[in-house]
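Structure data (mmCIF, N, CA and C atoms) from protein.cif:
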data_start
loop_
_atom_site.label_atom_id
_atom_site.label_comp_id
_atom_site.auth_asym_id
_atom_site.auth_seq_id
_atom_site.Cartn_x
_atom_site.Cartn_y
_atom_site.Cartn_z
N MET A 1300 -4.17 -19.70 29.70
CA MET A 1300 -3.05 -18.79 29.61
C MET A 1300 -3.58 -17.36 29.45
N ALA A 1301 -2.95 -16.43 30.13
CA ALA A 1301 -3.35 -15.02 30.06
C ALA A 1301 -2.62 -14.32 28.92
N ILE A 1302 -3.19 -13.22 28.46
CA ILE A 1302 -2.50 -12.45 27.42
C ILE A 1302 -1.27 -11.80 28.03
N GLN A 1303 -0.31 -11.47 27.19
CA GLN A 1303 0.91 -10.81 27.65
C GLN A 1303 0.74 -9.30 27.69
N ARG A 1304 0.08 -8.74 26.67
CA ARG A 1304 -0.13 -7.29 26.58
C ARG A 1304 -1.03 -7.02 25.38
N MET A 1305 -1.52 -5.79 25.26
CA MET A 1305 -2.18 -5.38 24.03
C MET A 1305 -1.07 -4.83 23.15
N ASP A 1306 -0.88 -5.41 21.98
CA ASP A 1306 0.25 -5.03 21.13
C ASP A 1306 0.00 -3.75 20.37
N ASN A 1307 -1.15 -3.64 19.68
CA ASN A 1307 -1.45 -2.42 18.94
C ASN A 1307 -2.92 -2.36 18.58
N VAL A 1308 -3.34 -1.18 18.16
CA VAL A 1308 -4.67 -0.96 17.61
C VAL A 1308 -4.47 -0.64 16.14
N GLY A 1309 -5.22 -1.28 15.26
CA GLY A 1309 -5.09 -1.06 13.83
C GLY A 1309 -6.24 -0.24 13.30
N ILE A 1310 -5.92 0.71 12.43
CA ILE A 1310 -6.93 1.56 11.82
C ILE A 1310 -6.64 1.67 10.32
N VAL A 1311 -7.66 1.43 9.51
CA VAL A 1311 -7.53 1.55 8.06
C VAL A 1311 -7.85 2.99 7.67
N VAL A 1312 -6.98 3.59 6.86
CA VAL A 1312 -7.14 4.98 6.44
C VAL A 1312 -6.99 5.09 4.92
N GLU A 1313 -7.49 6.18 4.35
CA GLU A 1313 -7.29 6.45 2.93
C GLU A 1313 -6.01 7.24 2.68
N ASP A 1314 -5.74 8.23 3.53
CA ASP A 1314 -4.57 9.09 3.37
C ASP A 1314 -3.59 8.79 4.48
N LEU A 1315 -2.67 7.87 4.20
CA LEU A 1315 -1.72 7.42 5.21
C LEU A 1315 -0.81 8.55 5.66
N ASP A 1316 -0.32 9.36 4.74
CA ASP A 1316 0.58 10.45 5.12
C ASP A 1316 -0.09 11.44 6.06
N ALA A 1317 -1.32 11.81 5.77
CA ALA A 1317 -2.05 12.75 6.63
C ALA A 1317 -2.31 12.14 8.01
N ALA A 1318 -2.66 10.87 8.06
CA ALA A 1318 -2.91 10.21 9.35
C ALA A 1318 -1.62 10.12 10.17
N VAL A 1319 -0.51 9.78 9.52
CA VAL A 1319 0.78 9.73 10.22
C VAL A 1319 1.12 11.12 10.76
N ALA A 1320 0.97 12.15 9.95
CA ALA A 1320 1.28 13.52 10.38
C ALA A 1320 0.44 13.92 11.60
N PHE A 1321 -0.84 13.55 11.60
CA PHE A 1321 -1.73 13.86 12.72
C PHE A 1321 -1.23 13.22 14.00
N PHE A 1322 -0.95 11.92 13.95
CA PHE A 1322 -0.56 11.21 15.17
C PHE A 1322 0.86 11.56 15.61
N VAL A 1323 1.74 11.92 14.69
CA VAL A 1323 3.06 12.42 15.07
C VAL A 1323 2.92 13.77 15.77
N GLU A 1324 2.05 14.64 15.26
CA GLU A 1324 1.81 15.92 15.91
C GLU A 1324 1.22 15.73 17.30
N LEU A 1325 0.41 14.70 17.46
CA LEU A 1325 -0.15 14.38 18.77
C LEU A 1325 0.95 14.01 19.76
N GLY A 1326 2.06 13.46 19.25
CA GLY A 1326 3.17 13.09 20.11
C GLY A 1326 3.63 11.66 19.96
N MET A 1327 3.02 10.92 19.04
CA MET A 1327 3.47 9.55 18.80
C MET A 1327 4.73 9.57 17.97
N GLU A 1328 5.49 8.50 18.05
CA GLU A 1328 6.74 8.39 17.31
C GLU A 1328 6.57 7.34 16.21
N LEU A 1329 6.96 7.70 15.00
CA LEU A 1329 6.88 6.77 13.87
C LEU A 1329 7.99 5.75 14.02
N GLU A 1330 7.61 4.48 14.18
CA GLU A 1330 8.60 3.39 14.27
C GLU A 1330 9.08 3.01 12.88
N GLY A 1331 8.17 3.03 11.93
CA GLY A 1331 8.56 2.64 10.58
C GLY A 1331 7.37 2.45 9.69
N ARG A 1332 7.68 2.30 8.41
CA ARG A 1332 6.67 2.06 7.38
C ARG A 1332 7.11 0.88 6.55
N THR A 1333 6.13 0.14 6.05
CA THR A 1333 6.43 -1.01 5.21
C THR A 1333 5.23 -1.33 4.33
N GLU A 1334 5.43 -2.22 3.38
CA GLU A 1334 4.35 -2.76 2.56
C GLU A 1334 4.11 -4.19 3.00
N VAL A 1335 2.84 -4.58 2.97
CA VAL A 1335 2.47 -5.94 3.33
C VAL A 1335 1.64 -6.50 2.19
N GLU A 1336 2.00 -7.71 1.76
CA GLU A 1336 1.23 -8.40 0.73
C GLU A 1336 1.60 -9.87 0.76
N GLY A 1337 0.80 -10.67 0.06
CA GLY A 1337 1.12 -12.08 -0.07
C GLY A 1337 0.28 -12.99 0.79
N LEU A 1338 0.71 -14.25 0.86
CA LEU A 1338 -0.07 -15.32 1.48
C LEU A 1338 -0.39 -15.04 2.95
N VAL A 1339 0.58 -14.63 3.73
CA VAL A 1339 0.33 -14.41 5.16
C VAL A 1339 -0.70 -13.30 5.35
N ALA A 1340 -0.58 -12.21 4.61
CA ALA A 1340 -1.54 -11.11 4.70
C ALA A 1340 -2.94 -11.59 4.30
N ASN A 1341 -3.02 -12.38 3.24
CA ASN A 1341 -4.32 -12.92 2.81
C ASN A 1341 -4.92 -13.82 3.89
N GLN A 1342 -4.09 -14.69 4.46
CA GLN A 1342 -4.58 -15.62 5.47
C GLN A 1342 -5.07 -14.89 6.72
N CYS A 1343 -4.34 -13.90 7.19
CA CYS A 1343 -4.72 -13.18 8.41
C CYS A 1343 -6.01 -12.39 8.23
N THR A 1344 -6.16 -11.75 7.09
CA THR A 1344 -7.30 -10.86 6.87
C THR A 1344 -8.52 -11.55 6.31
N GLY A 1345 -8.33 -12.74 5.72
CA GLY A 1345 -9.43 -13.41 5.07
C GLY A 1345 -9.79 -12.78 3.73
N LEU A 1346 -8.88 -11.96 3.20
CA LEU A 1346 -9.08 -11.30 1.91
C LEU A 1346 -8.13 -11.89 0.88
N ASP A 1347 -8.43 -11.72 -0.39
CA ASP A 1347 -7.54 -12.16 -1.47
C ASP A 1347 -6.85 -10.96 -2.07
N GLY A 1348 -5.59 -11.14 -2.43
CA GLY A 1348 -4.84 -10.08 -3.11
C GLY A 1348 -4.50 -8.89 -2.25
N VAL A 1349 -4.27 -9.11 -0.96
CA VAL A 1349 -3.95 -8.01 -0.04
C VAL A 1349 -2.62 -7.37 -0.41
N HIS A 1350 -2.65 -6.05 -0.52
CA HIS A 1350 -1.44 -5.24 -0.70
C HIS A 1350 -1.72 -3.92 0.00
N CYS A 1351 -1.01 -3.68 1.09
CA CYS A 1351 -1.26 -2.43 1.81
C CYS A 1351 0.03 -1.85 2.35
N ASP A 1352 -0.02 -0.55 2.56
CA ASP A 1352 1.07 0.19 3.18
C ASP A 1352 0.74 0.31 4.66
N ILE A 1353 1.74 0.10 5.49
CA ILE A 1353 1.56 0.11 6.94
C ILE A 1353 2.51 1.14 7.54
N ALA A 1354 2.01 1.88 8.52
CA ALA A 1354 2.85 2.75 9.34
C ALA A 1354 2.59 2.37 10.80
N MET A 1355 3.66 2.13 11.54
CA MET A 1355 3.54 1.77 12.95
C MET A 1355 4.05 2.94 13.78
N LEU A 1356 3.21 3.38 14.71
CA LEU A 1356 3.57 4.48 15.60
C LEU A 1356 3.50 3.99 17.04
N ARG A 1357 4.31 4.59 17.91
CA ARG A 1357 4.28 4.19 19.32
C ARG A 1357 4.18 5.43 20.21
N THR A 1358 3.62 5.23 21.37
CA THR A 1358 3.54 6.32 22.35
C THR A 1358 4.93 6.56 22.92
N PRO A 1359 5.18 7.76 23.44
CA PRO A 1359 6.51 8.07 23.96
C PRO A 1359 7.00 7.12 25.05
N ASP A 1360 6.09 6.54 25.82
CA ASP A 1360 6.52 5.60 26.86
C ASP A 1360 6.87 4.23 26.30
N GLY A 1361 6.59 4.00 25.01
CA GLY A 1361 6.93 2.74 24.36
C GLY A 1361 5.99 1.59 24.63
N HIS A 1362 4.92 1.81 25.38
CA HIS A 1362 4.03 0.73 25.76
C HIS A 1362 2.86 0.49 24.83
N SER A 1363 2.48 1.50 24.04
CA SER A 1363 1.30 1.36 23.18
C SER A 1363 1.66 1.69 21.74
N ARG A 1364 0.99 1.01 20.81
CA ARG A 1364 1.25 1.23 19.40
C ARG A 1364 -0.06 1.39 18.63
N LEU A 1365 0.06 2.11 17.53
CA LEU A 1365 -1.05 2.32 16.61
C LEU A 1365 -0.55 1.94 15.23
N GLU A 1366 -1.27 1.02 14.57
CA GLU A 1366 -0.91 0.60 13.22
C GLU A 1366 -1.90 1.20 12.25
N LEU A 1367 -1.40 2.02 11.34
CA LEU A 1367 -2.23 2.62 10.31
C LEU A 1367 -2.00 1.87 9.01
N ALA A 1368 -3.06 1.53 8.32
CA ALA A 1368 -2.95 0.75 7.08
C ALA A 1368 -3.73 1.42 5.96
N LYS A 1369 -3.10 1.54 4.80
CA LYS A 1369 -3.76 2.02 3.59
C LYS A 1369 -3.77 0.86 2.60
N TYR A 1370 -4.97 0.39 2.28
CA TYR A 1370 -5.09 -0.74 1.35
C TYR A 1370 -4.95 -0.27 -0.09
N ARG A 1371 -4.01 -0.89 -0.80
CA ARG A 1371 -3.92 -0.68 -2.26
C ARG A 1371 -4.90 -1.64 -2.93
N SER A 1372 -4.92 -2.89 -2.41
CA SER A 1372 -5.90 -3.86 -2.88
C SER A 1372 -6.14 -4.88 -1.77
N PRO A 1373 -7.32 -5.43 -1.66
CA PRO A 1373 -8.51 -4.88 -2.30
C PRO A 1373 -8.80 -3.50 -1.72
N ALA A 1374 -9.55 -2.70 -2.46
CA ALA A 1374 -9.85 -1.34 -2.04
C ALA A 1374 -10.59 -1.36 -0.69
N ALA A 1375 -10.29 -0.38 0.13
CA ALA A 1375 -10.97 -0.25 1.42
C ALA A 1375 -12.45 0.07 1.18
N THR A 1376 -13.29 -0.44 2.05
CA THR A 1376 -14.72 -0.17 1.95
C THR A 1376 -15.19 0.50 3.23
N SER A 1377 -16.29 1.19 3.14
CA SER A 1377 -16.85 1.88 4.30
C SER A 1377 -17.93 1.02 4.94
N ALA A 1378 -17.89 0.95 6.26
CA ALA A 1378 -18.89 0.16 6.99
C ALA A 1378 -20.06 1.02 7.43
N GLY A 1379 -20.00 2.30 7.16
CA GLY A 1379 -21.08 3.18 7.60
C GLY A 1379 -20.80 4.61 7.23
N PRO A 1380 -21.40 5.54 7.96
CA PRO A 1380 -21.22 6.96 7.63
C PRO A 1380 -19.76 7.39 7.82
N ARG A 1381 -19.35 8.39 7.06
CA ARG A 1381 -17.98 8.88 7.09
C ARG A 1381 -17.57 9.40 8.47
N ASN A 1382 -18.44 10.14 9.12
CA ASN A 1382 -18.18 10.64 10.47
C ASN A 1382 -19.26 10.10 11.40
N PRO A 1383 -19.11 8.84 11.81
CA PRO A 1383 -20.16 8.21 12.61
C PRO A 1383 -20.32 8.91 13.96
N PRO A 1384 -21.54 8.85 14.52
CA PRO A 1384 -21.73 9.41 15.85
C PRO A 1384 -20.98 8.58 16.88
N HIS A 1385 -20.82 9.14 18.05
CA HIS A 1385 -20.04 8.49 19.10
C HIS A 1385 -20.67 7.19 19.59
N ASN A 1386 -21.96 7.02 19.44
CA ASN A 1386 -22.64 5.85 19.99
C ASN A 1386 -22.84 4.73 18.97
N ILE A 1387 -22.10 4.74 17.87
CA ILE A 1387 -22.24 3.68 16.86
C ILE A 1387 -21.58 2.40 17.38
N LEU A 1388 -22.14 1.26 17.00
CA LEU A 1388 -21.56 -0.02 17.41
C LEU A 1388 -20.18 -0.19 16.80
N GLY A 1389 -19.29 -0.81 17.53
CA GLY A 1389 -17.93 -1.06 17.04
C GLY A 1389 -16.92 -0.23 17.81
N THR A 1390 -15.86 0.11 17.17
CA THR A 1390 -14.80 0.85 17.82
C THR A 1390 -15.34 2.18 18.33
N HIS A 1391 -15.12 2.43 19.58
CA HIS A 1391 -15.65 3.61 20.26
C HIS A 1391 -14.75 4.83 20.02
N ARG A 1392 -13.49 4.70 20.40
CA ARG A 1392 -12.52 5.77 20.22
C ARG A 1392 -11.17 5.27 20.69
N VAL A 1393 -10.12 6.03 20.40
CA VAL A 1393 -8.78 5.79 20.93
C VAL A 1393 -8.50 6.97 21.85
N MET A 1394 -8.10 6.70 23.10
CA MET A 1394 -7.89 7.76 24.10
C MET A 1394 -6.41 7.90 24.43
N PHE A 1395 -5.98 9.16 24.52
CA PHE A 1395 -4.60 9.47 24.88
C PHE A 1395 -4.57 10.41 26.07
N ALA A 1396 -3.66 10.16 26.99
CA ALA A 1396 -3.38 11.10 28.09
C ALA A 1396 -2.42 12.15 27.55
N VAL A 1397 -2.73 13.43 27.80
CA VAL A 1397 -1.88 14.52 27.32
C VAL A 1397 -1.51 15.44 28.49
N ASP A 1398 -0.41 16.16 28.32
CA ASP A 1398 0.04 17.10 29.35
C ASP A 1398 -0.80 18.37 29.36
N ASP A 1399 -1.15 18.87 28.17
CA ASP A 1399 -1.83 20.16 28.05
C ASP A 1399 -2.88 20.04 26.96
N LEU A 1400 -4.13 19.94 27.37
CA LEU A 1400 -5.23 19.71 26.43
C LEU A 1400 -5.37 20.84 25.43
N GLU A 1401 -5.37 22.08 25.89
CA GLU A 1401 -5.54 23.23 25.00
C GLU A 1401 -4.42 23.30 23.96
N ASP A 1402 -3.18 23.09 24.39
CA ASP A 1402 -2.05 23.12 23.46
C ASP A 1402 -2.15 21.99 22.44
N THR A 1403 -2.54 20.82 22.89
CA THR A 1403 -2.69 19.68 21.99
C THR A 1403 -3.74 19.97 20.93
N LEU A 1404 -4.87 20.52 21.35
CA LEU A 1404 -5.92 20.89 20.39
C LEU A 1404 -5.40 21.91 19.38
N ALA A 1405 -4.68 22.91 19.85
CA ALA A 1405 -4.15 23.96 18.95
C ALA A 1405 -3.19 23.35 17.92
N ARG A 1406 -2.40 22.38 18.32
CA ARG A 1406 -1.45 21.76 17.39
C ARG A 1406 -2.14 20.84 16.40
N LEU A 1407 -3.27 20.23 16.80
CA LEU A 1407 -3.95 19.27 15.94
C LEU A 1407 -4.96 19.90 14.99
N ARG A 1408 -5.45 21.07 15.31
CA ARG A 1408 -6.44 21.73 14.44
C ARG A 1408 -5.93 21.92 13.01
N PRO A 1409 -4.66 22.35 12.79
CA PRO A 1409 -4.17 22.46 11.41
C PRO A 1409 -4.15 21.12 10.66
N HIS A 1410 -4.24 20.01 11.40
CA HIS A 1410 -4.28 18.68 10.80
C HIS A 1410 -5.70 18.17 10.64
N GLY A 1411 -6.68 19.08 10.83
CA GLY A 1411 -8.08 18.74 10.60
C GLY A 1411 -8.87 18.35 11.83
N ALA A 1412 -8.26 18.38 13.01
CA ALA A 1412 -8.99 17.99 14.23
C ALA A 1412 -10.12 18.96 14.52
N GLU A 1413 -11.28 18.39 14.85
CA GLU A 1413 -12.45 19.18 15.23
C GLU A 1413 -13.06 18.56 16.48
N LEU A 1414 -13.46 19.39 17.42
CA LEU A 1414 -14.13 18.89 18.62
C LEU A 1414 -15.43 18.20 18.23
N VAL A 1415 -15.70 17.05 18.84
CA VAL A 1415 -16.97 16.35 18.64
C VAL A 1415 -18.05 17.04 19.47
N GLY A 1416 -17.71 17.39 20.68
CA GLY A 1416 -18.62 18.11 21.58
C GLY A 1416 -17.89 19.34 22.09
N GLU A 1417 -17.56 19.31 23.37
CA GLU A 1417 -16.79 20.40 23.96
C GLU A 1417 -15.88 19.84 25.03
N ILE A 1418 -14.98 20.66 25.53
CA ILE A 1418 -14.09 20.23 26.61
C ILE A 1418 -14.93 20.13 27.88
N ALA A 1419 -14.80 19.02 28.59
CA ALA A 1419 -15.56 18.77 29.81
C ALA A 1419 -14.60 18.49 30.96
N ARG A 1420 -15.07 18.77 32.15
CA ARG A 1420 -14.29 18.46 33.35
C ARG A 1420 -14.97 17.33 34.10
N PHE A 1421 -14.19 16.32 34.45
CA PHE A 1421 -14.68 15.23 35.28
C PHE A 1421 -14.21 15.52 36.69
N GLN A 1422 -15.15 15.92 37.53
CA GLN A 1422 -14.86 16.35 38.90
C GLN A 1422 -13.70 17.34 38.85
N ASP A 1423 -12.75 17.22 39.72
CA ASP A 1423 -11.55 18.06 39.67
C ASP A 1423 -10.36 17.24 39.22
N SER A 1424 -10.64 16.12 38.52
CA SER A 1424 -9.58 15.18 38.16
C SER A 1424 -9.07 15.32 36.73
N TYR A 1425 -9.99 15.47 35.76
CA TYR A 1425 -9.58 15.45 34.36
C TYR A 1425 -10.32 16.49 33.53
N ALA A 1426 -9.62 17.03 32.55
CA ALA A 1426 -10.24 17.77 31.45
C ALA A 1426 -10.25 16.80 30.29
N LEU A 1427 -11.41 16.62 29.66
CA LEU A 1427 -11.59 15.60 28.62
C LEU A 1427 -12.26 16.19 27.40
N CYS A 1428 -11.91 15.65 26.24
CA CYS A 1428 -12.66 15.98 25.03
C CYS A 1428 -12.46 14.87 24.01
N TYR A 1429 -13.38 14.83 23.07
CA TYR A 1429 -13.26 13.95 21.92
C TYR A 1429 -13.10 14.84 20.70
N ILE A 1430 -12.17 14.45 19.84
CA ILE A 1430 -11.99 15.15 18.58
C ILE A 1430 -12.13 14.16 17.45
N ARG A 1431 -12.47 14.67 16.29
CA ARG A 1431 -12.47 13.85 15.09
C ARG A 1431 -11.13 14.08 14.41
N GLY A 1432 -10.39 13.00 14.25
CA GLY A 1432 -9.09 13.07 13.59
C GLY A 1432 -9.20 12.63 12.14
N PRO A 1433 -8.10 12.14 11.58
CA PRO A 1433 -8.11 11.72 10.18
C PRO A 1433 -9.12 10.59 9.96
N GLU A 1434 -9.75 10.63 8.79
CA GLU A 1434 -10.70 9.59 8.38
C GLU A 1434 -11.91 9.52 9.30
N GLY A 1435 -12.15 10.56 10.10
CA GLY A 1435 -13.30 10.56 11.00
C GLY A 1435 -13.07 9.80 12.30
N ILE A 1436 -11.84 9.35 12.54
CA ILE A 1436 -11.52 8.61 13.76
C ILE A 1436 -11.78 9.50 14.97
N ILE A 1437 -12.50 8.98 15.96
CA ILE A 1437 -12.71 9.72 17.19
C ILE A 1437 -11.53 9.45 18.11
N VAL A 1438 -10.86 10.53 18.50
CA VAL A 1438 -9.69 10.46 19.38
C VAL A 1438 -10.05 11.18 20.67
N GLY A 1439 -9.89 10.50 21.79
CA GLY A 1439 -10.12 11.10 23.09
C GLY A 1439 -8.82 11.68 23.63
N LEU A 1440 -8.93 12.82 24.28
CA LEU A 1440 -7.78 13.45 24.92
C LEU A 1440 -8.15 13.70 26.38
N ALA A 1441 -7.24 13.36 27.28
CA ALA A 1441 -7.49 13.53 28.71
C ALA A 1441 -6.27 14.17 29.36
N GLU A 1442 -6.50 15.30 30.05
CA GLU A 1442 -5.45 15.96 30.81
C GLU A 1442 -5.77 15.80 32.29
N GLN A 1443 -4.85 15.20 33.03
CA GLN A 1443 -5.04 15.08 34.47
C GLN A 1443 -4.82 16.45 35.09
N LEU A 1444 -5.79 16.89 35.90
CA LEU A 1444 -5.70 18.21 36.54
C LEU A 1444 -4.97 18.06 37.87
N HIS A 1445 -4.23 19.08 38.21
CA HIS A 1445 -3.45 19.01 39.46
C HIS A 1445 -4.10 19.81 40.55
#
Any chance you could put this one into structure tokens?
Amino acid sequence: MAIQRMDNVGIVVEDLDAAVAFFVELGMELEGRTEVEGLVANQCTGLDGVHCDIAMLRTPDGHSRLELAKYRSPAATSAGPRNPPHNILGTHRVMFAVDDLEDTLARLRPHGAELVGEIARFQDSYALCYIRGPEGIIVGLAEQLH
């Protein structure tokens, strides 16, 4: 049997409000917030005593979702450096298509966004960049050039 779709990408954060504000400014829509705890949460995560706050955001087209989680217990742990380099094993980045790369960067900078490298052009097709968002998450931005 084939998969139906990719439902969401989950990211653990320390400051849920700041992460939500960042992704809302990017253009995602907050679907809702809730608390998760109990047996099902423990079983899914393989952890004991899970209690976390969840925020679910969706892209404007409604096809993609991002789940942000702040663990109350057990406490979140770090798997490596706070701002890992782009070539670290594991999650590479989350990429978003945007209408206007420069405008998007200007709106995200007050939320802590910093360029990882610089804005690059791929042939005459795309303007691309990677930024560091909340919690050091690498977020890719791509503007299709006309």
Non-local contacts of Val1312 of chain A (6 Å; all atoms listed in the file; under 6 positions in same chain excluded) as a ChimeraX atom specification = /A:1367-1370
With N, CA and C atoms kept, could you save the residues just selected as a JSON list (two decimals), keeping the file's coordinate frame?
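Result written to again11.json:
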[["chain", "number", "residue", "atom", "x", "y", "z"],
["A", 1367, "LEU", "N", -1.40, 2.02, 11.34],
["A", 1367, "LEU", "CA", -2.23, 2.62, 10.31],
["A", 1367, "LEU", "C", -2.00, 1.87, 9.01],
["A", 1368, "ALA", "N", -3.06, 1.53, 8.32],
["A", 1368, "ALA", "CA", -2.95, 0.75, 7.08],
["A", 1368, "ALA", "C", -3.73, 1.42, 5.96],
["A", 1369, "LYS", "N", -3.10, 1.54, 4.80],
["A", 1369, "LYS", "CA", -3.76, 2.02, 3.59],
["A", 1369, "LYS", "C", -3.77, 0.86, 2.60],
["A", 1370, "TYR", "N", -4.97, 0.39, 2.28],
["A", 1370, "TYR", "CA", -5.09, -0.74, 1.35],
["A", 1370, "TYR", "C", -4.95, -0.27, -0.09]]
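Remark: for Glu1313 of chain A, the closest of the candidate residues A:Val1438, A:Ala1375, A:His1362, A:Leu1407 is A:Ala1375 (distances computed over only N, CA and C atoms).
Those residues returned by the PyMOL selection byres (((chain A and resi 1416-1421 and name CA) around 12) and name CA) for this file are Pro1384, His1385, Leu1400, Glu1401, Leu1404, Glu1413, Leu1414, Val1415, Gln1422, Asp1423, Ser1424, Tyr1425, Ala1426, Leu1427, Cys1428, Tyr1429, Ile1430, Arg1431, Ile1437, Val1438, Gly1439, Leu1440, Ala1441, Glu1442, Gln1443 and Leu1444 of chain A.
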Selection under test: the PyMOL selection byres ((chain A and resi 1433) around 6.5); residues as a PDB file with N, CA and C atoms, keeping the file's coordinate frame:
ATOM      1  N   ALA A1317      -1.320  11.810   5.770  1.00  0.00           N
ATOM      2  CA  ALA A1317      -2.050  12.750   6.630  1.00  0.00           C
ATOM      3  C   ALA A1317      -2.310  12.140   8.010  1.00  0.00           C
ATOM      4  N   ALA A1318      -2.660  10.870   8.060  1.00  0.00           N
ATOM      5  CA  ALA A1318      -2.910  10.210   9.350  1.00  0.00           C
ATOM      6  C   ALA A1318      -1.620  10.120  10.170  1.00  0.00           C
ATOM      7  N   GLY A1411      -6.680  19.080  10.830  1.00  0.00           N
ATOM      8  CA  GLY A1411      -8.080  18.740  10.600  1.00  0.00           C
ATOM      9  C   GLY A1411      -8.870  18.350  11.830  1.00  0.00           C
ATOM     10  N   ALA A1412      -8.260  18.380  13.010  1.00  0.00           N
ATOM     11  CA  ALA A1412      -8.990  17.990  14.230  1.00  0.00           C
ATOM     12  C   ALA A1412     -10.120  18.960  14.520  1.00  0.00           C
ATOM     13  N   ARG A1431     -12.470  14.670  16.290  1.00  0.00           N
ATOM     14  CA  ARG A1431     -12.470  13.850  15.090  1.00  0.00           C
ATOM     15  C   ARG A1431     -11.130  14.080  14.410  1.00  0.00           C
ATOM     16  N   GLY A1432     -10.390  13.000  14.250  1.00  0.00           N
ATOM     17  CA  GLY A1432      -9.090  13.070  13.590  1.00  0.00           C
ATOM     18  C   GLY A1432      -9.200  12.630  12.140  1.00  0.00           C
ATOM     19  N   GLU A1434      -9.750  10.630   8.790  1.00  0.00           N
ATOM     20  CA  GLU A1434     -10.700   9.590   8.380  1.00  0.00           C
ATOM     21  C   GLU A1434     -11.910   9.520   9.300  1.00  0.00           C
ATOM     22  N   GLY A1435     -12.150  10.560  10.100  1.00  0.00           N
ATOM     23  CA  GLY A1435     -13.300  10.560  11.000  1.00  0.00           C
ATOM     24  C   GLY A1435     -13.070   9.800  12.300  1.00  0.00           C
ATOM     25  N   ILE A1436     -11.840   9.350  12.540  1.00  0.00           N
ATOM     26  CA  ILE A1436     -11.520   8.610  13.760  1.00  0.00           C
ATOM     27  C   ILE A1436     -11.780   9.500  14.970  1.00  0.00           C
TER      28      ILE A1436
END
DSSP on the backbone, then: every residue of segment 1313-1350 of chain A marked strand (DSSP E or B), written as a PyMOL selection string.
-> chain A and resi 1328-1336+1350
Could you turn the residues from that selection into a file that holds N, CA and C atoms, as a compact mmCIF listing (two decimals), in the coordinates of the input?
# COMPACT_ATOMS: atom_id res chain seq x y z
N GLU A 1328 5.49 8.50 18.05
CA GLU A 1328 6.74 8.39 17.31
C GLU A 1328 6.57 7.34 16.21
N LEU A 1329 6.96 7.70 15.00
CA LEU A 1329 6.88 6.77 13.87
C LEU A 1329 7.99 5.75 14.02
N GLU A 1330 7.61 4.48 14.18
CA GLU A 1330 8.60 3.39 14.27
C GLU A 1330 9.08 3.01 12.88
N GLY A 1331 8.17 3.03 11.93
CA GLY A 1331 8.56 2.64 10.58
C GLY A 1331 7.37 2.45 9.69
N ARG A 1332 7.68 2.30 8.41
CA ARG A 1332 6.67 2.06 7.38
C ARG A 1332 7.11 0.88 6.55
N THR A 1333 6.13 0.14 6.05
CA THR A 1333 6.43 -1.01 5.21
C THR A 1333 5.23 -1.33 4.33
N GLU A 1334 5.43 -2.22 3.38
CA GLU A 1334 4.35 -2.76 2.56
C GLU A 1334 4.11 -4.19 3.00
N VAL A 1335 2.84 -4.58 2.97
CA VAL A 1335 2.47 -5.94 3.33
C VAL A 1335 1.64 -6.50 2.19
N GLU A 1336 2.00 -7.71 1.76
CA GLU A 1336 1.23 -8.40 0.73
C GLU A 1336 1.60 -9.87 0.76
N HIS A 1350 -2.65 -6.05 -0.52
CA HIS A 1350 -1.44 -5.24 -0.70
C HIS A 1350 -1.72 -3.92 0.00
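Atom C of Arg1364 of chain A is found 11.8 Å from atom CA of Arg1304 of chain A.
Atom pair atom N of Ile1302 of chain A / atom C of Leu1365 of chain A: separated by 20.3 Å.
Between atom C of Leu1356 of chain A and atom C of Arg1371 of chain A lies a distance of 22.4 Å.
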